[in-house]
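K.L.:
What follows is run.pdb, made up of PDB, C-alpha atoms, pLDDT in the B column:
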```
MODEL        1
ATOM      1  CA  MET C 231      -6.566  45.778   7.704  1.00 84.00           C
ATOM      2  CA  SER C 232      -9.003  42.879   7.830  1.00 93.00           C
ATOM      3  CA  VAL C 233      -9.180  40.190  10.465  1.00 97.00           C
ATOM      4  CA  LEU C 234      -9.666  36.436  10.133  1.00 98.00           C
ATOM      5  CA  ARG C 235     -11.917  35.245  12.944  1.00 98.00           C
ATOM      6  CA  PRO C 236     -14.205  32.336  13.841  1.00 98.00           C
ATOM      7  CA  PHE C 237     -17.568  32.210  12.057  1.00 98.00           C
ATOM      8  CA  LYS C 238     -20.391  32.904  14.541  1.00 97.00           C
ATOM      9  CA  ALA C 239     -24.066  31.966  14.257  1.00 96.00           C
ATOM     10  CA  ASP C 240     -25.149  35.597  13.878  1.00 95.00           C
ATOM     11  CA  ASP C 241     -22.876  35.909  10.821  1.00 96.00           C
ATOM     12  CA  LEU C 242     -25.611  34.010   8.971  1.00 95.00           C
ATOM     13  CA  PHE C 243     -27.585  37.272   8.995  1.00 93.00           C
ATOM     14  CA  LYS C 244     -24.668  39.263   7.559  1.00 91.00           C
ATOM     15  CA  PHE C 245     -23.438  37.261   4.601  1.00 89.00           C
ATOM     16  CA  ASN C 246     -25.839  38.172   1.791  1.00 86.00           C
ATOM     17  CA  ASN C 247     -23.227  40.468   0.203  1.00 85.00           C
ATOM     18  CA  VAL C 248     -20.940  37.435   0.002  1.00 91.00           C
ATOM     19  CA  ASN C 249     -23.449  34.754  -0.975  1.00 86.00           C
ATOM     20  CA  LEU C 250     -25.156  36.643  -3.804  1.00 81.00           C
ATOM     21  CA  ASP C 251     -22.833  35.198  -6.419  1.00 76.00           C
ATOM     22  CA  LEU C 252     -23.573  32.658  -9.159  1.00 75.00           C
ATOM     23  CA  TRP C 253     -20.678  30.406  -8.144  1.00 75.00           C
ATOM     24  CA  THR C 254     -21.473  30.343  -4.404  1.00 81.00           C
ATOM     25  CA  GLU C 255     -23.600  27.510  -3.062  1.00 80.00           C
ATOM     26  CA  THR C 256     -26.067  28.709  -0.428  1.00 83.00           C
ATOM     27  CA  TYR C 257     -27.274  26.198   2.128  1.00 88.00           C
ATOM     28  CA  SER C 258     -30.024  26.122   4.752  1.00 91.00           C
ATOM     29  CA  ILE C 259     -29.444  27.761   8.119  1.00 94.00           C
ATOM     30  CA  SER C 260     -29.520  24.332   9.801  1.00 96.00           C
ATOM     31  CA  PHE C 261     -26.702  23.195   7.479  1.00 96.00           C
ATOM     32  CA  TYR C 262     -24.455  26.104   8.555  1.00 96.00           C
ATOM     33  CA  LEU C 263     -25.376  25.616  12.223  1.00 97.00           C
ATOM     34  CA  THR C 264     -24.424  21.937  12.033  1.00 97.00           C
ATOM     35  CA  TYR C 265     -20.957  22.912  10.765  1.00 98.00           C
ATOM     36  CA  LEU C 266     -20.579  25.569  13.461  1.00 97.00           C
ATOM     37  CA  ALA C 267     -21.489  23.024  16.134  1.00 98.00           C
ATOM     38  CA  ARG C 268     -19.361  20.120  14.840  1.00 98.00           C
ATOM     39  CA  TRP C 269     -16.329  21.865  13.290  1.00 98.00           C
ATOM     40  CA  PRO C 270     -16.212  25.416  14.690  1.00 98.00           C
ATOM     41  CA  ASP C 271     -12.456  25.657  14.146  1.00 98.00           C
ATOM     42  CA  LEU C 272     -12.913  25.034  10.401  1.00 98.00           C
ATOM     43  CA  CYS C 273     -15.485  27.825   9.966  1.00 98.00           C
ATOM     44  CA  LEU C 274     -13.882  31.241   9.484  1.00 98.00           C
ATOM     45  CA  VAL C 275     -14.860  34.761   8.444  1.00 98.00           C
ATOM     46  CA  GLN C 276     -12.697  37.459   6.897  1.00 98.00           C
ATOM     47  CA  GLU C 277     -13.992  40.753   8.296  1.00 97.00           C
ATOM     48  CA  ALA C 278     -13.301  44.355   7.243  1.00 96.00           C
ATOM     49  CA  PRO C 279     -12.427  47.013   9.844  1.00 95.00           C
ATOM     50  CA  ASN C 280     -15.979  48.384   9.572  1.00 95.00           C
ATOM     51  CA  GLY C 281     -17.390  44.946  10.531  1.00 94.00           C
ATOM     52  CA  LYS C 282     -18.553  44.029   7.032  1.00 95.00           C
ATOM     53  CA  MET C 283     -18.076  40.399   6.035  1.00 96.00           C
ATOM     54  CA  MET C 284     -15.546  40.133   3.204  1.00 97.00           C
ATOM     55  CA  GLY C 285     -15.655  36.349   2.818  1.00 97.00           C
ATOM     56  CA  TYR C 286     -15.901  33.078   4.642  1.00 97.00           C
ATOM     57  CA  VAL C 287     -14.885  29.427   4.555  1.00 98.00           C
ATOM     58  CA  ILE C 288     -16.688  26.497   6.113  1.00 98.00           C
ATOM     59  CA  GLY C 289     -15.100  23.093   6.320  1.00 98.00           C
ATOM     60  CA  LYS C 290     -15.140  19.785   8.102  1.00 98.00           C
ATOM     61  CA  ALA C 291     -12.935  16.804   8.905  1.00 98.00           C
ATOM     62  CA  GLU C 292     -14.022  13.488   7.420  1.00 98.00           C
ATOM     63  CA  GLY C 293     -12.945  10.101   6.088  1.00 97.00           C
ATOM     64  CA  HIS C 294     -11.241   7.034   7.517  1.00 97.00           C
ATOM     65  CA  GLY C 295      -7.685   5.740   7.514  1.00 97.00           C
ATOM     66  CA  GLN C 296      -5.606   7.290   4.743  1.00 96.00           C
ATOM     67  CA  GLU C 297      -8.724   9.103   3.500  1.00 97.00           C
ATOM     68  CA  TRP C 298      -8.918  11.168   6.749  1.00 98.00           C
ATOM     69  CA  HIS C 299      -8.853  14.788   5.576  1.00 98.00           C
ATOM     70  CA  GLY C 300     -10.054  18.350   5.825  1.00 98.00           C
ATOM     71  CA  HIS C 301     -12.819  19.263   3.402  1.00 98.00           C
ATOM     72  CA  VAL C 302     -13.659  22.759   2.148  1.00 98.00           C
ATOM     73  CA  THR C 303     -17.444  22.784   1.906  1.00 97.00           C
ATOM     74  CA  ALA C 304     -17.678  26.425   0.863  1.00 96.00           C
ATOM     75  CA  ILE C 305     -15.320  29.319   0.376  1.00 96.00           C
ATOM     76  CA  THR C 306     -16.340  32.642  -1.071  1.00 95.00           C
ATOM     77  CA  VAL C 307     -15.215  36.250  -1.143  1.00 95.00           C
ATOM     78  CA  ALA C 308     -17.521  39.200  -1.860  1.00 95.00           C
ATOM     79  CA  PRO C 309     -16.906  40.616  -5.359  1.00 92.00           C
ATOM     80  CA  GLU C 310     -15.597  43.959  -4.069  1.00 93.00           C
ATOM     81  CA  TYR C 311     -12.896  42.171  -2.029  1.00 95.00           C
ATOM     82  CA  ARG C 312     -11.608  39.694  -4.616  1.00 93.00           C
ATOM     83  CA  ARG C 313      -7.987  39.573  -5.780  1.00 93.00           C
ATOM     84  CA  LEU C 314      -6.690  40.714  -2.388  1.00 95.00           C
ATOM     85  CA  GLY C 315      -5.435  37.294  -1.281  1.00 96.00           C
ATOM     86  CA  LEU C 316      -8.303  36.702   1.155  1.00 97.00           C
ATOM     87  CA  ALA C 317      -9.205  33.261  -0.208  1.00 97.00           C
ATOM     88  CA  ARG C 318      -5.578  32.156   0.144  1.00 97.00           C
ATOM     89  CA  LYS C 319      -5.468  33.450   3.712  1.00 98.00           C
ATOM     90  CA  MET C 320      -8.619  31.509   4.646  1.00 98.00           C
ATOM     91  CA  MET C 321      -7.426  28.364   2.841  1.00 98.00           C
ATOM     92  CA  ASP C 322      -4.022  28.564   4.543  1.00 98.00           C
ATOM     93  CA  GLU C 323      -5.718  28.639   7.940  1.00 98.00           C
ATOM     94  CA  LEU C 324      -8.058  25.742   7.103  1.00 98.00           C
ATOM     95  CA  GLU C 325      -5.055  23.727   5.876  1.00 98.00           C
ATOM     96  CA  ARG C 326      -3.107  24.566   9.045  1.00 98.00           C
ATOM     97  CA  ILE C 327      -5.971  23.399  11.268  1.00 98.00           C
ATOM     98  CA  SER C 328      -6.481  20.272   9.127  1.00 98.00           C
ATOM     99  CA  THR C 329      -2.805  19.478   9.723  1.00 98.00           C
ATOM    100  CA  GLU C 330      -2.252  20.511  13.342  1.00 98.00           C
ATOM    101  CA  VAL C 331      -5.631  19.743  14.918  1.00 98.00           C
ATOM    102  CA  TYR C 332      -7.054  16.941  12.776  1.00 98.00           C
ATOM    103  CA  ASN C 333      -3.818  15.377  11.462  1.00 98.00           C
ATOM    104  CA  GLY C 334      -5.347  14.930   8.019  1.00 98.00           C
ATOM    105  CA  TYR C 335      -3.659  13.462   4.968  1.00 98.00           C
ATOM    106  CA  PHE C 336      -4.987  16.108   2.582  1.00 98.00           C
ATOM    107  CA  VAL C 337      -7.527  18.878   2.088  1.00 98.00           C
ATOM    108  CA  ASP C 338     -10.081  18.520  -0.665  1.00 98.00           C
ATOM    109  CA  LEU C 339     -12.811  20.594  -2.256  1.00 98.00           C
ATOM    110  CA  TYR C 340     -15.275  20.371  -5.109  1.00 96.00           C
ATOM    111  CA  VAL C 341     -15.430  23.024  -7.814  1.00 95.00           C
ATOM    112  CA  ARG C 342     -17.567  23.334 -10.927  1.00 92.00           C
ATOM    113  CA  CYS C 343     -15.595  22.257 -13.993  1.00 93.00           C
ATOM    114  CA  ALA C 344     -16.745  25.483 -15.677  1.00 90.00           C
ATOM    115  CA  ASN C 345     -15.324  27.712 -12.915  1.00 92.00           C
ATOM    116  CA  ILE C 346     -11.959  28.239 -14.599  1.00 94.00           C
ATOM    117  CA  LEU C 347     -10.932  31.210 -12.420  1.00 93.00           C
ATOM    118  CA  ALA C 348     -11.406  29.191  -9.226  1.00 94.00           C
ATOM    119  CA  ILE C 349      -9.663  26.120 -10.662  1.00 96.00           C
ATOM    120  CA  ASN C 350      -6.659  28.253 -11.629  1.00 97.00           C
ATOM    121  CA  MET C 351      -6.601  29.853  -8.166  1.00 97.00           C
ATOM    122  CA  TYR C 352      -6.685  26.459  -6.433  1.00 98.00           C
ATOM    123  CA  GLU C 353      -3.921  25.144  -8.693  1.00 98.00           C
ATOM    124  CA  ARG C 354      -1.753  28.148  -7.732  1.00 97.00           C
ATOM    125  CA  MET C 355      -2.404  27.177  -4.089  1.00 97.00           C
ATOM    126  CA  GLY C 356      -1.079  23.653  -4.712  1.00 98.00           C
ATOM    127  CA  TYR C 357      -4.312  21.773  -5.383  1.00 98.00           C
ATOM    128  CA  SER C 358      -4.658  19.350  -8.280  1.00 98.00           C
ATOM    129  CA  VAL C 359      -7.557  17.470  -9.817  1.00 98.00           C
ATOM    130  CA  TYR C 360      -7.923  14.061  -8.190  1.00 98.00           C
ATOM    131  CA  ARG C 361     -11.022  13.042 -10.156  1.00 96.00           C
ATOM    132  CA  ARG C 362     -14.109  14.338 -11.906  1.00 96.00           C
ATOM    133  CA  VAL C 363     -17.537  13.768 -10.324  1.00 95.00           C
ATOM    134  CA  ALA C 364     -20.241  13.491 -12.980  1.00 93.00           C
ATOM    135  CA  GLN C 365     -23.438  15.514 -12.484  1.00 88.00           C
ATOM    136  CA  TYR C 366     -22.396  16.774  -9.036  1.00 86.00           C
ATOM    137  CA  TYR C 367     -23.934  20.276  -9.206  1.00 80.00           C
ATOM    138  CA  SER C 368     -27.316  21.563 -10.269  1.00 72.00           C
ATOM    139  CA  LYS C 369     -27.321  23.812 -13.297  1.00 63.00           C
ATOM    140  CA  LEU C 370     -26.599  27.503 -12.670  1.00 57.00           C
ATOM    141  CA  PRO C 371     -29.724  29.720 -12.770  1.00 55.00           C
ATOM    142  CA  HIS C 372     -28.651  31.577 -15.945  1.00 52.00           C
ATOM    143  CA  GLU C 373     -28.063  28.393 -17.971  1.00 52.00           C
ATOM    144  CA  LYS C 374     -30.740  27.113 -20.335  1.00 56.00           C
ATOM    145  CA  GLY C 375     -31.380  23.776 -21.957  1.00 52.00           C
ATOM    146  CA  GLY C 376     -29.184  20.722 -21.815  1.00 51.00           C
ATOM    147  CA  ARG C 377     -28.747  18.523 -18.799  1.00 51.00           C
ATOM    148  CA  ASP C 378     -29.791  19.719 -15.383  1.00 52.00           C
ATOM    149  CA  GLN C 379     -26.469  18.792 -13.832  1.00 65.00           C
ATOM    150  CA  GLU C 380     -22.870  19.942 -14.045  1.00 86.00           C
ATOM    151  CA  ASP C 381     -19.691  18.013 -13.268  1.00 93.00           C
ATOM    152  CA  ALA C 382     -17.290  18.908 -10.473  1.00 94.00           C
ATOM    153  CA  PHE C 383     -13.586  18.447 -10.032  1.00 96.00           C
ATOM    154  CA  ASP C 384     -12.534  16.898  -6.712  1.00 97.00           C
ATOM    155  CA  MET C 385      -9.332  18.866  -6.095  1.00 98.00           C
ATOM    156  CA  ARG C 386      -6.850  17.851  -3.412  1.00 98.00           C
ATOM    157  CA  LYS C 387      -3.756  19.195  -1.745  1.00 98.00           C
ATOM    158  CA  PRO C 388      -1.557  16.791   0.209  1.00 98.00           C
ATOM    159  CA  LEU C 389      -0.688  17.676   3.790  1.00 98.00           C
ATOM    160  CA  PRO C 390       2.578  16.683   5.540  1.00 98.00           C
ATOM    161  CA  ARG C 391       1.071  13.407   6.792  1.00 98.00           C
ATOM    162  CA  ASP C 392       0.644  12.218   3.172  1.00 98.00           C
ATOM    163  CA  THR C 393       4.319  11.364   2.776  1.00 97.00           C
ATOM    164  CA  MET C 394       3.608   9.010  -0.161  1.00 96.00           C
ATOM    165  CA  ARG C 395       1.443  11.683  -1.882  1.00 97.00           C
ATOM    166  CA  ARG C 396      -1.447   9.233  -2.371  1.00 96.00           C
ATOM    167  CA  SER C 397      -3.856  12.157  -2.597  1.00 96.00           C
ATOM    168  CA  VAL C 398      -2.267  13.300  -5.887  1.00 96.00           C
ATOM    169  CA  ARG C 399      -2.863  11.810  -9.341  1.00 95.00           C
ATOM    170  CA  PRO C 400      -1.229  12.930 -12.574  1.00 92.00           C
ATOM    171  CA  ASN C 401      -4.315  11.926 -14.592  1.00 94.00           C
ATOM    172  CA  GLY C 402      -7.110  13.104 -12.267  1.00 95.00           C
ATOM    173  CA  ARG C 403      -9.066  14.849 -15.011  1.00 94.00           C
ATOM    174  CA  GLU C 404      -9.415  11.506 -16.805  1.00 94.00           C
ATOM    175  CA  ILE C 405     -10.858   9.624 -13.799  1.00 95.00           C
ATOM    176  CA  ILE C 406     -14.642  10.024 -13.742  1.00 94.00           C
ATOM    177  CA  ILE C 407     -16.933   8.774 -10.991  1.00 93.00           C
ATOM    178  CA  SER C 408     -20.669   9.161 -10.432  1.00 91.00           C
ATOM    179  CA  ARG C 409     -22.097  11.465  -7.803  1.00 87.00           C
ATOM    180  CA  ASP C 410     -23.169   8.357  -5.851  1.00 87.00           C
ATOM    181  CA  GLN C 411     -19.532   7.253  -5.569  1.00 91.00           C
ATOM    182  CA  ALA C 412     -18.391  10.600  -4.109  1.00 85.00           C
ATOM    183  CA  PRO C 413     -18.418  10.980  -0.316  1.00 76.00           C
TER     184      PRO C 413
ENDMDL
END
```
For the structure just supplied, provide its representation as structure tokens.

P.N.:
Amino acid sequence: MSVLRPFKADDLFKFNNVNLDLWTETYSISFYLTYLARWPDLCLVQEAPNGKMMGYVIGKAEGHGQEWHGHVTAITVAPEYRRLGLARKMMDELERISTEVYNGYFVDLYVRCANILAINMYERMGYSVYRRVAQYYSKLPHEKGGRDQEDAFDMRKPLPRDTMRRSVRPNGREIIISRDQAP
């Protein structure tokens, strides 16, 4: 049985098996350390009984007024541990903390428009597309030609505080903003 525990600084030296994936964004060590210092409760690791990292999520709380929310900056599960419900377990905990600790209106995340498996998974978890952010991501390493950018979906899930469900749009895929307009 695996355990969900806080992400620690020394986990940065153990997550190559998780981060070596085309869909996973890898950041600088200072980026991860900033999250661990500012939002330690929104940084979690799923760990196997043998101590191997199975996956992790890092998030933050941001926004103002009715835009105050939890944000999933990165979530990933090592290939050998996928389809075991680990992503859902980590997302459930991040959503719980975003509700109980930060009193957010919603949780949001960005996902590549081409990452159909992830989009379907998030939709099963209750997320929906709020808007499309043009040219949000750099091109994946295996892609050739064309533009050097890829669009992202800003997906959101309302939390109990969003009683009017303002964080949900029926036509989110049709609303396109530039990367400069995204927070």

K.L.:
Here is a test: counting all atoms listed in the file, which residue of C:Pro309, C:Gly315, C:Gly293, C:Gly356 is nearest to Leu389 (chain C)?

P.N.:
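Of all the options, C:Gly356 lies closest to Leu389 (chain C).
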
K.L.:
For a cutoff of 8 Å around the file-coordinate point (-8.4, 35.1, 7.8), which residues qualify once you count all atoms listed in the file? I'd like the result as number ranges by chain.

P.N.:
C: 232-235, 274-277, 316, 319-320, 323

K.L.:
Output the selection as a compact mmCIF listing (two decimals), keeping the file's coordinate frame - C-alpha atoms for each residue.

P.N.:
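Now in selection-v3.txt:
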```txt
# COMPACT_ATOMS: atom_id res chain seq x y z
CA SER C 232 -9.00 42.88 7.83
CA VAL C 233 -9.18 40.19 10.46
CA LEU C 234 -9.67 36.44 10.13
CA ARG C 235 -11.92 35.24 12.94
CA LEU C 274 -13.88 31.24 9.48
CA VAL C 275 -14.86 34.76 8.44
CA GLN C 276 -12.70 37.46 6.90
CA GLU C 277 -13.99 40.75 8.30
CA LEU C 316 -8.30 36.70 1.16
CA LYS C 319 -5.47 33.45 3.71
CA MET C 320 -8.62 31.51 4.65
CA GLU C 323 -5.72 28.64 7.94
```

K.L.:
Output the residue selection produced by the PyMOL selection byres ((chain C and resi 390) around 12) on the file above, formatted as a ChimeraX atom specification.

P.N.:
/C:299,325-326,328-330,333-337,387-389,391-397

K.L.:
Starting from the PyMOL selection byres ((chain C and resi 252-267) around 10), expand the selection into actual residues of this file and give them as number ranges by chain.

P.N.:
C: 236-239, 242-243, 246, 248-251, 268-274, 288-290, 303-307, 341-342, 344-345, 348, 367, 370-372

K.L.:
So how far away is CA of Trp298 (chain C) from CA of Val331 (chain C), in Å?

P.N.:
12.3 Å

K.L.:
(-12.5, 18.7, -11.7) in this file's frame - what residues fall within 7 Å of it? Use all atoms listed in the file and give the answer as a PDB file with C-alpha atoms, in the frame of the given file.

P.N.:
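Output file part.pdb is given in full below:
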```pdb
ATOM      1  CA  VAL C 341     -15.430  23.024  -7.814  1.00 95.00           C
ATOM      2  CA  ARG C 342     -17.567  23.334 -10.927  1.00 92.00           C
ATOM      3  CA  CYS C 343     -15.595  22.257 -13.993  1.00 93.00           C
ATOM      4  CA  VAL C 359      -7.557  17.470  -9.817  1.00 98.00           C
ATOM      5  CA  ARG C 361     -11.022  13.042 -10.156  1.00 96.00           C
ATOM      6  CA  ARG C 362     -14.109  14.338 -11.906  1.00 96.00           C
ATOM      7  CA  ALA C 382     -17.290  18.908 -10.473  1.00 94.00           C
ATOM      8  CA  PHE C 383     -13.586  18.447 -10.032  1.00 96.00           C
ATOM      9  CA  ASP C 384     -12.534  16.898  -6.712  1.00 97.00           C
ATOM     10  CA  MET C 385      -9.332  18.866  -6.095  1.00 98.00           C
ATOM     11  CA  ARG C 403      -9.066  14.849 -15.011  1.00 94.00           C
TER      12      ARG C 403
END
```

K.L.:
Hey, could you patch up region 281-300 of chain C with N, CA and C atoms and hand it over as a short mmCIF file (atom, residue, chain, number, x, y, z; two decimals), keeping the file's coordinate frame?

P.N.:
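result.cif, written as the output of this step:
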```
data_model
loop_
_atom_site.label_atom_id
_atom_site.label_comp_id
_atom_site.auth_asym_id
_atom_site.auth_seq_id
_atom_site.Cartn_x
_atom_site.Cartn_y
_atom_site.Cartn_z
N GLY C 281 -16.53 46.04 10.11
CA GLY C 281 -17.39 44.95 10.53
C GLY C 281 -18.09 44.22 9.40
N LYS C 282 -17.91 44.67 8.18
CA LYS C 282 -18.55 44.03 7.03
C LYS C 282 -17.85 42.72 6.70
N MET C 283 -18.65 41.68 6.41
CA MET C 283 -18.08 40.40 6.04
C MET C 283 -17.50 40.50 4.63
N MET C 284 -16.24 40.10 4.49
CA MET C 284 -15.55 40.13 3.20
C MET C 284 -15.58 38.77 2.53
N GLY C 285 -15.64 37.71 3.34
CA GLY C 285 -15.66 36.35 2.82
C GLY C 285 -15.72 35.37 3.97
N TYR C 286 -15.89 34.11 3.62
CA TYR C 286 -15.90 33.08 4.64
C TYR C 286 -15.51 31.74 4.03
N VAL C 287 -15.13 30.82 4.92
CA VAL C 287 -14.88 29.43 4.56
C VAL C 287 -15.54 28.56 5.62
N ILE C 288 -16.19 27.49 5.17
CA ILE C 288 -16.69 26.50 6.11
C ILE C 288 -16.14 25.14 5.67
N GLY C 289 -15.70 24.38 6.64
CA GLY C 289 -15.10 23.09 6.32
C GLY C 289 -15.42 22.07 7.39
N LYS C 290 -14.94 20.87 7.15
CA LYS C 290 -15.14 19.78 8.10
C LYS C 290 -13.98 18.81 7.99
N ALA C 291 -13.90 17.90 8.95
CA ALA C 291 -12.94 16.80 8.90
C ALA C 291 -13.74 15.54 8.67
N GLU C 292 -13.26 14.69 7.75
CA GLU C 292 -14.02 13.49 7.42
C GLU C 292 -13.10 12.41 6.85
N GLY C 293 -13.67 11.22 6.68
CA GLY C 293 -12.94 10.10 6.09
C GLY C 293 -12.45 9.12 7.14
N HIS C 294 -11.79 8.07 6.64
CA HIS C 294 -11.24 7.03 7.52
C HIS C 294 -9.87 6.62 7.00
N GLY C 295 -9.01 6.22 7.91
CA GLY C 295 -7.68 5.74 7.51
C GLY C 295 -6.94 6.79 6.70
N GLN C 296 -6.38 6.37 5.57
CA GLN C 296 -5.61 7.29 4.74
C GLN C 296 -6.47 8.26 3.95
N GLU C 297 -7.78 8.15 4.11
CA GLU C 297 -8.72 9.10 3.50
C GLU C 297 -9.17 10.17 4.51
N TRP C 298 -8.60 10.17 5.73
CA TRP C 298 -8.92 11.17 6.75
C TRP C 298 -8.39 12.51 6.26
N HIS C 299 -9.27 13.52 6.19
CA HIS C 299 -8.85 14.79 5.58
C HIS C 299 -9.74 15.95 6.01
N GLY C 300 -9.26 17.14 5.70
CA GLY C 300 -10.05 18.35 5.82
C GLY C 300 -10.79 18.56 4.51
#
```
